[in-house]
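Okay, so here's the structure we're looking at.
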Amino acid sequence: MGINLRATLRARKAILGLLAAATIGSGGYHYIKASDGNVYPAPVVMAVDLLVENWEGLSLTAYWDEHGQVWTAGFGETEGVGPNTRDTKEGWRNRLLKRVNSDFYPAMLKCAPQLKKAPDGFQAAMIAGAYNFGTGSVKAGNGWCGWGPGKYTRAENWLSACRAQATIVKSGGEVLTGLVRRRGMGDRERIGEGELCVTALEMAKEGTK
């Protein structure tokens with residue numbers, strides 16, 4: 001399935017808006033102080049602010065996910081969630097930041113350390129995708145690590161990684177319109193993963209990470 005990915009002005013503005021608040025740490029990497037007062041790698045905050053929160057939706061109380069057969073709450077959180085789990089929007093956002101930073105991002109860097117070389121917006125797009133469909137593993141050949149996005153990232157073929165992630169649009173064997181939009185160019189209100197991905201690459205060519 002081919003999705004026409006292109007850079008957009010709104011994605012560029014979103015990236016620059018977050019980078020304006022960033023500081024440069026060791027290795028020249030960007031870090032951002034988030035709403036919970038903690039400092040995170042810029043790609044983590046970008047993924048949460050620009051993609052995950054907007055596409056996952058928010059449930060303050062737990063609900064039973066029939067498709068996944070698991071209790072879910074917050075912004076698609078399943079870890080440590082039971083039938084009586086509840087929190088505020090701020091609480092779920094703080095959990096999301098910590099979870100992405102402590103679980104998803106490190107797992108992706110472990111299977112594809114080359115990811116750290118990519119532009120922040122590219123990394124954010126990859127993180128958001130992995131949060132949605134799982135990090136998986138190279139050995140099992142599944143999830144972000146085992147599928148096209150991880151393979152192309154390891155090869156430092158950034159554009160192909162953007163395109164590969166944009167094709168992961170099925171759930172339960174069916175193509176979902178919401179996933180097509182999320183993986184691709186988004187909708188009127190929300191930036192898509194592919195949109196952010198290729199915009200970040202274009203900015204990097206111009207010298208803006």
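Each chain in the structure tokens gets a letter, A, B, ..., in the order shown, and its residues are numbered from 1; ligands are numbered from 1 in order too.
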Legend entry - Residue set, chain A restricted to helix (DSSP H, G or I), as a PyMOL selection string: chain A and resi 9-19+26-28+42-56+89-111+113-117+120-133+143-146+148-154+158-165+177-183+193-205
For the residues in the current selection, export C-alpha atoms as an mmCIF file, in the first residue's frame.
```cif
data_model
loop_
_atom_site.group_PDB
_atom_site.id
_atom_site.type_symbol
_atom_site.label_atom_id
_atom_site.label_comp_id
_atom_site.auth_asym_id
_atom_site.auth_seq_id
_atom_site.Cartn_x
_atom_site.Cartn_y
_atom_site.Cartn_z
ATOM 1 C CA LEU A 9 4.376 23.688 7.081
ATOM 2 C CA ARG A 10 2.315 22.696 10.136
ATOM 3 C CA ALA A 11 4.692 19.824 10.964
ATOM 4 C CA ARG A 12 7.678 22.119 10.520
ATOM 5 C CA LYS A 13 6.156 24.689 12.889
ATOM 6 C CA ALA A 14 5.368 21.977 15.444
ATOM 7 C CA ILE A 15 8.930 20.673 15.418
ATOM 8 C CA LEU A 16 10.458 24.148 15.650
ATOM 9 C CA GLY A 17 8.052 25.076 18.434
ATOM 10 C CA LEU A 18 9.270 22.250 20.646
ATOM 11 C CA LEU A 19 12.929 22.643 19.702
ATOM 12 C CA SER A 26 26.030 15.626 25.968
ATOM 13 C CA GLY A 27 26.598 14.336 22.473
ATOM 14 C CA GLY A 28 24.777 17.318 21.014
ATOM 15 C CA ALA A 42 13.379 15.743 22.643
ATOM 16 C CA PRO A 43 12.050 12.838 20.522
ATOM 17 C CA VAL A 44 10.164 11.460 23.537
ATOM 18 C CA VAL A 45 8.384 14.750 24.213
ATOM 19 C CA MET A 46 7.694 15.272 20.498
ATOM 20 C CA ALA A 47 6.190 11.805 20.185
ATOM 21 C CA VAL A 48 3.903 12.369 23.157
ATOM 22 C CA ASP A 49 2.925 15.985 22.416
ATOM 23 C CA LEU A 50 2.505 15.836 18.653
ATOM 24 C CA LEU A 51 1.365 12.273 18.015
ATOM 25 C CA VAL A 52 0.539 9.825 20.792
ATOM 26 C CA GLU A 53 -1.762 12.078 22.828
ATOM 27 C CA ASN A 54 -3.624 13.196 19.738
ATOM 28 C CA TRP A 55 -4.136 9.772 18.179
ATOM 29 C CA GLU A 56 -4.567 7.445 21.147
ATOM 30 C CA LYS A 89 -5.437 13.796 32.514
ATOM 31 C CA GLU A 90 -2.218 15.221 33.955
ATOM 32 C CA GLY A 91 -1.529 11.961 35.755
ATOM 33 C CA TRP A 92 -1.984 9.889 32.593
ATOM 34 C CA ARG A 93 0.198 12.257 30.618
ATOM 35 C CA ASN A 94 2.970 11.971 33.195
ATOM 36 C CA ARG A 95 2.696 8.184 33.093
ATOM 37 C CA LEU A 96 2.860 8.282 29.303
ATOM 38 C CA LEU A 97 6.041 10.361 29.276
ATOM 39 C CA LYS A 98 7.743 8.080 31.775
ATOM 40 C CA ARG A 99 6.608 4.911 29.986
ATOM 41 C CA VAL A 100 7.766 6.040 26.569
ATOM 42 C CA ASN A 101 11.082 7.214 27.999
ATOM 43 C CA SER A 102 11.790 4.156 30.153
ATOM 44 C CA ASP A 103 10.349 1.343 28.025
ATOM 45 C CA PHE A 104 9.698 2.116 24.367
ATOM 46 C CA TYR A 105 12.545 4.447 23.444
ATOM 47 C CA PRO A 106 15.275 2.326 25.097
ATOM 48 C CA ALA A 107 13.934 -0.855 23.463
ATOM 49 C CA MET A 108 14.079 0.805 20.066
ATOM 50 C CA LEU A 109 17.610 2.099 20.627
ATOM 51 C CA LYS A 110 18.683 -1.375 21.711
ATOM 52 C CA CYS A 111 17.522 -3.040 18.494
ATOM 53 C CA PRO A 113 21.096 2.163 17.880
ATOM 54 C CA GLN A 114 21.313 4.046 14.588
ATOM 55 C CA LEU A 115 17.997 5.677 15.502
ATOM 56 C CA LYS A 116 19.903 8.140 17.684
ATOM 57 C CA LYS A 117 21.575 9.546 14.546
ATOM 58 C CA ASP A 120 14.377 14.373 16.386
ATOM 59 C CA GLY A 121 11.122 14.495 14.421
ATOM 60 C CA PHE A 122 11.948 11.250 12.644
ATOM 61 C CA GLN A 123 12.656 9.571 15.975
ATOM 62 C CA ALA A 124 9.391 10.929 17.389
ATOM 63 C CA ALA A 125 7.408 9.464 14.491
ATOM 64 C CA MET A 126 9.048 6.086 14.977
ATOM 65 C CA ILE A 127 8.401 6.158 18.733
ATOM 66 C CA ALA A 128 4.730 6.982 18.201
ATOM 67 C CA GLY A 129 4.362 4.080 15.815
ATOM 68 C CA ALA A 130 6.083 1.654 18.147
ATOM 69 C CA TYR A 131 3.891 2.797 21.035
ATOM 70 C CA ASN A 132 0.865 1.883 18.946
ATOM 71 C CA PHE A 133 1.903 -1.465 17.432
ATOM 72 C CA GLY A 143 6.906 -5.058 15.870
ATOM 73 C CA TRP A 144 8.959 -1.988 15.135
ATOM 74 C CA CYS A 145 12.292 -3.753 15.622
ATOM 75 C CA GLY A 146 11.453 -6.673 13.352
ATOM 76 C CA GLY A 148 10.396 -2.464 7.965
ATOM 77 C CA PRO A 149 10.728 0.672 10.115
ATOM 78 C CA GLY A 150 13.361 -0.907 12.342
ATOM 79 C CA LYS A 151 15.156 -2.650 9.476
ATOM 80 C CA TYR A 152 15.487 0.524 7.450
ATOM 81 C CA THR A 153 16.500 2.531 10.503
ATOM 82 C CA ARG A 154 19.342 0.098 11.163
ATOM 83 C CA TRP A 158 15.478 7.105 6.902
ATOM 84 C CA LEU A 159 13.001 7.812 4.109
ATOM 85 C CA SER A 160 12.335 4.124 3.541
ATOM 86 C CA ALA A 161 11.687 3.756 7.273
ATOM 87 C CA CYS A 162 9.077 6.533 7.081
ATOM 88 C CA ARG A 163 7.430 4.836 4.124
ATOM 89 C CA ALA A 164 7.549 1.389 5.699
ATOM 90 C CA GLN A 165 5.850 2.570 8.875
ATOM 91 C CA THR A 177 -9.028 4.473 8.002
ATOM 92 C CA GLY A 178 -7.859 5.899 11.310
ATOM 93 C CA LEU A 179 -4.551 4.046 11.043
ATOM 94 C CA VAL A 180 -4.080 5.150 7.426
ATOM 95 C CA ARG A 181 -4.413 8.751 8.579
ATOM 96 C CA ARG A 182 -2.294 8.270 11.676
ATOM 97 C CA ARG A 183 0.555 6.562 9.804
ATOM 98 C CA GLU A 193 3.450 10.050 11.768
ATOM 99 C CA GLY A 194 4.575 9.944 8.138
ATOM 100 C CA GLU A 195 4.016 13.674 7.782
ATOM 101 C CA LEU A 196 6.228 14.426 10.792
ATOM 102 C CA CYS A 197 8.772 11.862 9.638
ATOM 103 C CA VAL A 198 9.427 13.291 6.169
ATOM 104 C CA THR A 199 9.186 16.887 7.372
ATOM 105 C CA ALA A 200 11.967 16.203 9.872
ATOM 106 C CA LEU A 201 14.114 14.715 7.087
ATOM 107 C CA GLU A 202 13.570 17.760 4.875
ATOM 108 C CA MET A 203 14.494 20.058 7.744
ATOM 109 C CA ALA A 204 17.651 18.044 8.387
ATOM 110 C CA LYS A 205 18.722 18.561 4.769
#
```
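Interatomic distance, atom CA of A:His67 to atom CA of A:Glu79: 16.1 Å.
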Considering only strand (DSSP E) as DSSP defines it on the backbone, what residues of chain A qualify? List them as an mmCIF file with N, CA and C atoms, in the first residue's frame.
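And here's part24.cif as it stands now:
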```cif
data_model
loop_
_atom_site.group_PDB
_atom_site.id
_atom_site.type_symbol
_atom_site.label_atom_id
_atom_site.label_comp_id
_atom_site.auth_asym_id
_atom_site.auth_seq_id
_atom_site.Cartn_x
_atom_site.Cartn_y
_atom_site.Cartn_z
ATOM 1 N N THR A 23 17.164 22.195 25.206
ATOM 2 C CA THR A 23 18.553 22.474 25.536
ATOM 3 C C THR A 23 19.403 21.386 24.893
ATOM 4 N N ILE A 24 20.662 21.681 24.696
ATOM 5 C CA ILE A 24 21.561 20.704 24.081
ATOM 6 C C ILE A 24 22.418 20.079 25.165
ATOM 7 N N HIS A 30 19.236 16.930 21.799
ATOM 8 C CA HIS A 30 18.280 17.873 22.373
ATOM 9 C C HIS A 30 17.491 17.248 23.514
ATOM 10 N N TYR A 31 17.240 18.057 24.542
ATOM 11 C CA TYR A 31 16.433 17.627 25.680
ATOM 12 C C TYR A 31 15.400 18.709 25.987
ATOM 13 N N ILE A 32 14.233 18.274 26.448
ATOM 14 C CA ILE A 32 13.145 19.208 26.728
ATOM 15 C C ILE A 32 12.589 18.937 28.122
ATOM 16 N N LYS A 33 12.363 20.009 28.874
ATOM 17 C CA LYS A 33 11.711 19.893 30.178
ATOM 18 C C LYS A 33 10.214 19.788 29.946
ATOM 19 N N VAL A 39 13.161 16.231 32.678
ATOM 20 C CA VAL A 39 13.794 16.502 31.394
ATOM 21 C C VAL A 39 13.914 15.190 30.619
ATOM 22 N N TYR A 40 13.434 15.207 29.380
ATOM 23 C CA TYR A 40 13.436 14.008 28.535
ATOM 24 C C TYR A 40 14.129 14.305 27.208
ATOM 25 N N PRO A 41 14.593 13.264 26.525
ATOM 26 C CA PRO A 41 15.093 13.463 25.160
ATOM 27 C C PRO A 41 13.998 14.104 24.312
ATOM 28 N N SER A 59 -8.783 8.092 28.143
ATOM 29 C CA SER A 59 -9.829 7.575 29.023
ATOM 30 C C SER A 59 -9.310 7.672 30.450
ATOM 31 N N LEU A 60 -9.964 8.488 31.269
ATOM 32 C CA LEU A 60 -9.499 8.678 32.649
ATOM 33 C C LEU A 60 -9.687 7.419 33.483
ATOM 34 N N THR A 61 -10.666 6.594 33.118
ATOM 35 C CA THR A 61 -10.934 5.344 33.835
ATOM 36 C C THR A 61 -10.682 4.157 32.925
ATOM 37 N N ALA A 62 -10.447 3.012 33.527
ATOM 38 C CA ALA A 62 -10.136 1.803 32.757
ATOM 39 C C ALA A 62 -11.359 1.271 32.008
ATOM 40 N N TYR A 63 -11.109 0.696 30.861
ATOM 41 C CA TYR A 63 -12.152 0.022 30.084
ATOM 42 C C TYR A 63 -11.570 -1.263 29.506
ATOM 43 N N TRP A 64 -12.446 -2.194 29.207
ATOM 44 C CA TRP A 64 -12.008 -3.479 28.663
ATOM 45 C C TRP A 64 -11.904 -3.373 27.149
ATOM 46 N N ASP A 65 -10.699 -3.561 26.628
ATOM 47 C CA ASP A 65 -10.458 -3.517 25.188
ATOM 48 C C ASP A 65 -10.753 -4.892 24.600
ATOM 49 N N VAL A 70 -7.643 -6.751 26.969
ATOM 50 C CA VAL A 70 -6.839 -6.245 28.076
ATOM 51 C C VAL A 70 -7.485 -4.969 28.616
ATOM 52 N N TRP A 71 -7.307 -4.726 29.924
ATOM 53 C CA TRP A 71 -7.771 -3.480 30.510
ATOM 54 C C TRP A 71 -6.878 -2.344 30.026
ATOM 55 N N THR A 72 -7.502 -1.255 29.629
ATOM 56 C CA THR A 72 -6.783 -0.125 29.041
ATOM 57 C C THR A 72 -7.287 1.179 29.654
ATOM 58 N N ALA A 73 -6.404 2.143 29.794
ATOM 59 C CA ALA A 73 -6.793 3.453 30.320
ATOM 60 C C ALA A 73 -5.784 4.499 29.862
ATOM 61 N N GLY A 74 -6.043 5.750 30.224
ATOM 62 C CA GLY A 74 -5.117 6.808 29.852
ATOM 63 C C GLY A 74 -5.012 6.940 28.348
ATOM 64 N N LYS A 170 -3.142 -2.055 9.382
ATOM 65 C CA LYS A 170 -4.164 -3.072 9.605
ATOM 66 C C LYS A 170 -4.305 -3.423 11.082
ATOM 67 N N SER A 171 -5.519 -3.767 11.460
ATOM 68 C CA SER A 171 -5.805 -4.278 12.793
ATOM 69 C C SER A 171 -6.846 -5.364 12.633
ATOM 70 N N GLU A 174 -7.808 -6.102 8.975
ATOM 71 C CA GLU A 174 -8.524 -5.111 8.185
ATOM 72 C C GLU A 174 -7.796 -3.771 8.181
ATOM 73 N N VAL A 175 -7.823 -3.112 7.025
ATOM 74 C CA VAL A 175 -7.250 -1.774 6.926
ATOM 75 C C VAL A 175 -8.207 -0.794 7.603
#
```
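Of note, atom CA of A:Ala166 and atom CA of A:Val81 are spaced 29.2 Å apart.
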Inset, instruction - To one decimal in Å, tell me the separation between atom CA of A:Gly68 and atom CA of A:Asn142. - result: 16.7 Å
